[in-house]
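S.K.: Sharing start-v8.cif, mmCIF, C-alpha atoms and all ligand atoms:
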```
data_coords
#
loop_
_atom_site.label_atom_id
_atom_site.label_comp_id
_atom_site.auth_asym_id
_atom_site.auth_seq_id
_atom_site.Cartn_x
_atom_site.Cartn_y
_atom_site.Cartn_z
CA MET A 1 198.25 -94.88 278.37
CA LYS A 2 199.76 -91.40 278.68
CA TYR A 3 200.87 -91.41 275.06
CA LEU A 4 197.48 -92.78 273.96
CA ASP A 5 195.88 -89.88 275.78
CA ALA A 6 198.18 -87.44 273.95
CA VAL A 7 197.33 -89.07 270.59
CA TYR A 8 193.62 -88.86 271.43
CA LYS A 9 193.86 -85.15 272.22
CA GLU A 10 196.03 -84.33 269.22
CA THR A 11 193.77 -86.28 266.83
CA LEU A 12 190.76 -84.30 268.01
CA ARG A 13 192.73 -81.06 267.83
CA TYR A 14 193.97 -81.74 264.32
CA TYR A 15 190.73 -83.15 262.91
CA PRO A 16 187.83 -82.16 265.16
CA PRO A 17 184.95 -84.25 263.72
CA VAL A 18 182.27 -81.70 264.62
CA ILE A 19 183.27 -78.44 263.04
CA HIS A 20 180.12 -76.33 263.06
CA PHE A 21 177.93 -76.98 266.03
CA VAL A 22 179.25 -74.95 268.91
CA ASN A 23 176.67 -72.17 268.70
CA ARG A 24 175.21 -69.87 271.32
CA VAL A 25 172.40 -67.30 271.15
CA CYS A 26 172.87 -63.93 272.89
CA LEU A 27 170.10 -63.53 275.45
CA SER A 28 170.78 -59.83 275.76
CA ASP A 29 172.83 -57.14 274.00
CA ILE A 30 176.52 -57.72 274.72
CA THR A 31 179.90 -56.28 273.76
CA ILE A 32 182.84 -58.73 273.60
CA ARG A 33 186.33 -57.32 272.96
CA GLY A 34 184.83 -54.16 271.51
CA GLN A 35 182.45 -55.97 269.18
CA PHE A 36 178.74 -55.33 269.80
CA TYR A 37 176.30 -58.26 269.46
CA PRO A 38 172.58 -57.46 269.70
CA LYS A 39 170.20 -59.74 271.60
CA GLY A 40 169.28 -62.76 269.44
CA SER A 41 172.64 -62.92 267.60
CA ILE A 42 173.99 -66.42 267.00
CA ILE A 43 177.67 -66.75 267.83
CA LYS A 44 179.58 -69.72 266.40
CA ALA A 45 182.84 -71.02 267.85
CA GLN A 46 184.38 -73.20 265.17
CA PRO A 47 186.63 -75.89 266.70
CA PHE A 48 188.61 -76.39 263.46
CA THR A 49 189.54 -72.70 263.20
CA ILE A 50 190.42 -72.46 266.90
CA HIS A 51 192.50 -75.66 266.76
CA ARG A 52 194.48 -74.60 263.68
CA SER A 53 195.19 -71.05 264.83
CA GLU A 54 198.86 -70.21 265.43
CA THR A 55 197.66 -67.81 268.13
CA ASN A 56 196.50 -70.81 270.14
CA TRP A 57 198.93 -73.56 269.14
CA GLU A 58 202.59 -73.55 268.13
CA GLU A 59 203.02 -75.17 264.70
CA ALA A 60 199.27 -75.65 264.55
CA GLU A 61 199.48 -77.35 261.13
CA VAL A 62 201.78 -80.10 262.44
CA PHE A 63 200.31 -83.30 263.93
CA ASN A 64 202.33 -83.76 267.10
CA PRO A 65 200.93 -85.65 270.12
CA ASP A 66 204.01 -84.60 272.14
CA ARG A 67 202.51 -81.14 272.53
CA PHE A 68 200.24 -82.71 275.15
CA MET A 69 203.13 -84.14 277.17
CA ASN A 70 205.75 -82.43 279.29
CA GLU A 71 209.48 -83.23 279.31
CA ASN A 72 208.92 -86.09 281.81
CA GLY A 73 206.46 -87.82 279.51
CA GLU A 74 203.62 -86.76 281.77
CA GLU A 75 200.31 -85.38 280.60
CA LYS A 76 200.45 -81.62 280.04
CA THR A 77 197.29 -79.85 281.12
CA SER A 78 196.33 -76.60 279.51
CA LYS A 79 195.02 -73.89 281.79
CA ASP A 80 193.09 -72.43 278.91
CA GLY A 81 190.41 -74.97 278.06
CA LEU A 82 189.10 -72.74 275.27
CA LYS A 83 191.92 -73.69 272.89
CA TRP A 84 190.79 -77.32 272.68
CA ILE A 85 187.06 -77.60 272.16
CA PRO A 86 186.23 -80.70 270.05
CA PHE A 87 183.31 -81.40 272.38
CA GLY A 88 182.21 -77.80 272.81
CA VAL A 89 182.33 -75.94 276.06
CA GLY A 90 180.25 -74.87 279.05
CA PRO A 91 177.03 -76.34 280.42
CA ARG A 92 175.90 -77.58 276.98
CA TYR A 93 179.12 -79.39 276.06
CA CYS A 94 178.82 -82.88 274.52
CA VAL A 95 177.12 -85.37 276.84
CA GLY A 96 178.82 -88.23 274.96
CA MET A 97 182.37 -86.94 275.57
CA ARG A 98 183.45 -89.61 278.07
CA PHE A 99 181.82 -92.36 276.01
CA ALA A 100 183.57 -91.16 272.84
CA GLU A 101 186.91 -91.00 274.69
CA MET A 102 186.50 -94.56 275.97
CA GLU A 103 185.51 -95.80 272.50
CA PHE A 104 188.52 -94.13 270.87
CA LYS A 105 191.03 -95.40 273.41
CA THR A 106 189.61 -98.94 273.59
CA THR A 107 189.60 -99.26 269.79
CA ILE A 108 193.16 -97.96 269.33
CA ALA A 109 194.52 -100.02 272.28
CA LYS A 110 192.87 -103.21 270.98
CA LEU A 111 194.06 -102.59 267.41
CA VAL A 112 197.66 -101.89 268.40
CA ASP A 113 197.65 -104.86 270.80
CA THR A 114 196.39 -107.26 268.11
CA PHE A 115 198.11 -105.97 264.97
CA GLU A 116 201.28 -104.34 263.76
CA LEU A 117 200.08 -101.37 261.76
CA SER A 118 201.96 -99.86 258.88
CA ILE A 119 201.32 -97.50 256.02
CA TRP A 120 199.75 -99.07 252.96
CA GLY A 121 201.72 -99.69 249.74
CA ASP A 122 205.14 -98.13 249.16
CA GLY A 123 205.35 -96.81 252.70
CA ASN A 124 204.65 -93.21 251.72
CA GLY A 125 200.93 -93.69 252.08
CA GLU A 126 198.28 -91.50 250.52
CA GLU A 127 197.32 -88.04 251.58
CA MET A 128 194.26 -88.22 253.82
CA ILE A 129 191.80 -85.64 252.51
CA PRO A 130 189.14 -84.60 255.00
CA GLU A 131 185.65 -83.60 253.89
CA CYS A 132 182.66 -82.27 255.78
CA ASN A 133 179.23 -83.69 255.00
CA GLY A 134 177.58 -80.65 256.57
CA ILE A 135 177.82 -82.07 260.07
CA ILE A 136 180.83 -84.33 260.50
CA MET A 137 184.37 -84.00 259.17
CA ARG A 138 185.72 -87.37 258.05
CA PRO A 139 188.15 -88.86 255.51
CA LYS A 140 186.95 -88.38 251.94
CA GLY A 141 188.23 -91.74 250.76
CA PRO A 142 189.22 -95.00 252.41
CA VAL A 143 192.05 -94.92 254.96
CA ARG A 144 194.35 -97.73 253.86
CA LEU A 145 196.64 -99.45 256.35
CA GLN A 146 198.46 -102.76 256.41
CA LEU A 147 197.68 -104.98 259.37
CA LYS A 148 199.88 -107.87 260.43
CA LYS A 149 198.61 -110.03 263.27
CA ARG A 150 200.95 -110.01 266.24
CA LYS A 151 202.15 -113.42 267.40
C1 LIG B 1 184.28 -87.86 268.86
C2 LIG B 1 182.97 -87.89 269.12
C3 LIG B 1 182.12 -86.69 269.40
C4 LIG B 1 182.37 -85.36 269.16
C5 LIG B 1 183.62 -84.72 268.53
C6 LIG B 1 181.22 -84.62 269.63
C7 LIG B 1 181.10 -83.23 269.57
C8 LIG B 1 180.01 -82.51 270.05
C9 LIG B 1 179.91 -81.07 270.02
C10 LIG B 1 180.96 -80.11 269.47
C11 LIG B 1 178.73 -80.72 270.59
C12 LIG B 1 178.19 -79.29 270.81
C13 LIG B 1 178.63 -78.85 272.22
C14 LIG B 1 178.45 -77.37 272.51
O1 LIG B 1 177.58 -76.71 271.91
O2 LIG B 1 179.19 -76.81 273.39
C15 LIG B 1 178.07 -81.96 270.97
C16 LIG B 1 176.83 -82.02 271.59
C17 LIG B 1 176.20 -83.20 271.90
N1 LIG B 1 176.71 -84.48 271.75
FE1 LIG B 1 178.50 -85.00 270.99
N2 LIG B 1 180.29 -85.49 270.13
C18 LIG B 1 180.80 -86.77 270.02
C19 LIG B 1 180.22 -87.94 270.44
C20 LIG B 1 178.98 -88.02 271.02
C21 LIG B 1 178.39 -89.25 271.49
C22 LIG B 1 179.07 -90.64 271.43
C23 LIG B 1 177.16 -88.93 271.97
C24 LIG B 1 176.10 -89.78 272.61
C25 LIG B 1 176.35 -90.98 273.12
C26 LIG B 1 176.99 -87.48 271.83
C27 LIG B 1 175.88 -86.76 272.20
C28 LIG B 1 175.76 -85.38 272.17
C29 LIG B 1 174.57 -84.64 272.62
C30 LIG B 1 173.26 -85.25 273.15
C31 LIG B 1 174.85 -83.28 272.46
C32 LIG B 1 173.95 -82.07 272.80
C33 LIG B 1 174.24 -81.62 274.21
C34 LIG B 1 173.38 -80.41 274.61
O3 LIG B 1 172.94 -79.65 273.75
O4 LIG B 1 173.20 -80.21 275.84
N3 LIG B 1 178.11 -86.97 271.24
N4 LIG B 1 178.87 -83.02 270.65
#
```
Since I need it in another form, could you write the structure as structure tokens?

M.R.:
Amino acid sequence: MKYLDAVYKETLRYYPPVIHFVNRVCLSDITIRGQFYPKGSIIKAQPFTIHRSETNWEEAEVFNPDRFMNENGEEKTSKDGLKWIPFGVGPRYCVGMRFAEMEFKTTIAKLVDTFELSIWGDGNGEEMIPECNGIIMRPKGPVRLQLKKRK
């Protein structure tokens, strides 16, 4: 379960499905880190950009669930919750977060329990190309895997 949790977090870090919608409107004039924003400005925090920034994550372009585990195989908690924001942040963060987490973990656990999964074809697989339909980032083409029922 600990590794599944790390895979869940790393999947959402690497490919945050919602890449545009963490927006906030300034209710008054404000200056943040020397940058002035007048009242009414819309500020966007883009999860994809934040998740792939080397300032926030070591080897940000590498998919590595281990980054969420410590040397004892225990869950590593980040003190800075603003580096991982697939569900947004603050009082208006995603109300479906816990449901989505349960769905993800149940599906993966059931799949892995029932089937042996391997990469389709020659074992090298195909490059998974993400695309954004304006709202959601998802695979552009089919994701092909081989499934062998466990005995
Ligand atoms: C992996 C799945 C999901 C992702 C990545 C996701 C992501 C997000 C993000 C980034 C926001 C904006 C949060 C912010 O502005 O700080 C949001 C808002 C919201 N999400 Fe999700 N979401 C997911 C699943 C769901 C599910 C399953 C539901 C409902 C069952 C849901 C319902 C909502 C609602 C109602 C809001 C608006 C909350 C508000 O404005 O107060 N989401 N979600």

S.K.: Using Å and a single decimal, report how far CA of Lys2 in chain A sits from CA of Arg150 in chain A.

M.R.: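 Going from CA of Arg150 in chain A over to CA of Lys2 in chain A covers 22.4 Å.
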
S.K.: To one decimal in Å, tell me the separation between atom C10 of ligand LIG 1 (chain B) and CA of Pro17 in chain A.

M.R.: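 Between these atoms lies a distance of 8.1 Å.
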
S.K.: Using all atoms listed in the file, which residue out of A:Tyr93, A:Phe115, A:Trp120, A:Phe68 lies closest to Lys148 in chain A?

M.R.: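 Closest to Lys148 in chain A, using all atoms listed in the file: A:Phe115.
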
S.K.: Rank nothing, just name the residue among A:Gly121, A:Gly81, A:Gly40, A:Pro86 nearest to ligand LIG 1 (chain B), using all atoms listed in the file.

M.R.: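 Of the candidates, the smallest distance to ligand LIG 1 (chain B) is held by A:Pro86.
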
S.K.: Distance limit 10 Å, reference ligand LIG 1 (chain B), atoms considered: all atoms listed in the file. Which residues make the cut? Give them as a ChimeraX atom specification.

M.R.: /A:8,11-13,15-24,44-47,85-104,136-137

S.K.: What is the CA of Ile108 in chain A to CA of Met1 in chain A distance in Å?

M.R.: 10.8 Å

S.K.: Restricting the calculation to all atoms listed in the file, which member of A:Thr106, A:Gln35, A:Thr49, A:Asn124 is positioned closest to Trp84 in chain A?

M.R.: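 Nearest candidate to Trp84 in chain A out of A:Thr106, A:Gln35, A:Thr49, A:Asn124: A:Thr49.
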
S.K.: As a list in words, please: the residues near Leu4 in chain A (cut-off 9 Å, only C-alpha atoms, same-chain neighbours under 5 positions excluded).

M.R.: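 Result of the neighbour search: Lys9, Pro65, Lys105, Ile108 and Ala109 of chain A.
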
S.K.: So that I can check the surroundings of Lys149 in chain A, please list as a ChimeraX atom specification every protein, DNA and RNA residue that reaches within 9 Å of it, counting only C-alpha atoms and ignoring chain neighbours fewer than 2 positions away.

M.R.: /A:114-117,147,151

S.K.: Which of these, A:Asp5, A:Thr31, A:Phe48, A:Glu127, has the shortest distance to Gly141 in chain A once you count all atoms listed in the file?

M.R.: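 Among the listed residues, A:Glu127 lies closest to Gly141 in chain A.
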
S.K.: May I ask which of the residues A:Cys132, A:Glu59, A:Val143, A:Arg138 is the closest one to Ser118 in chain A, counting all atoms listed in the file?

M.R.: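 The closest residue to Ser118 in chain A is A:Val143.
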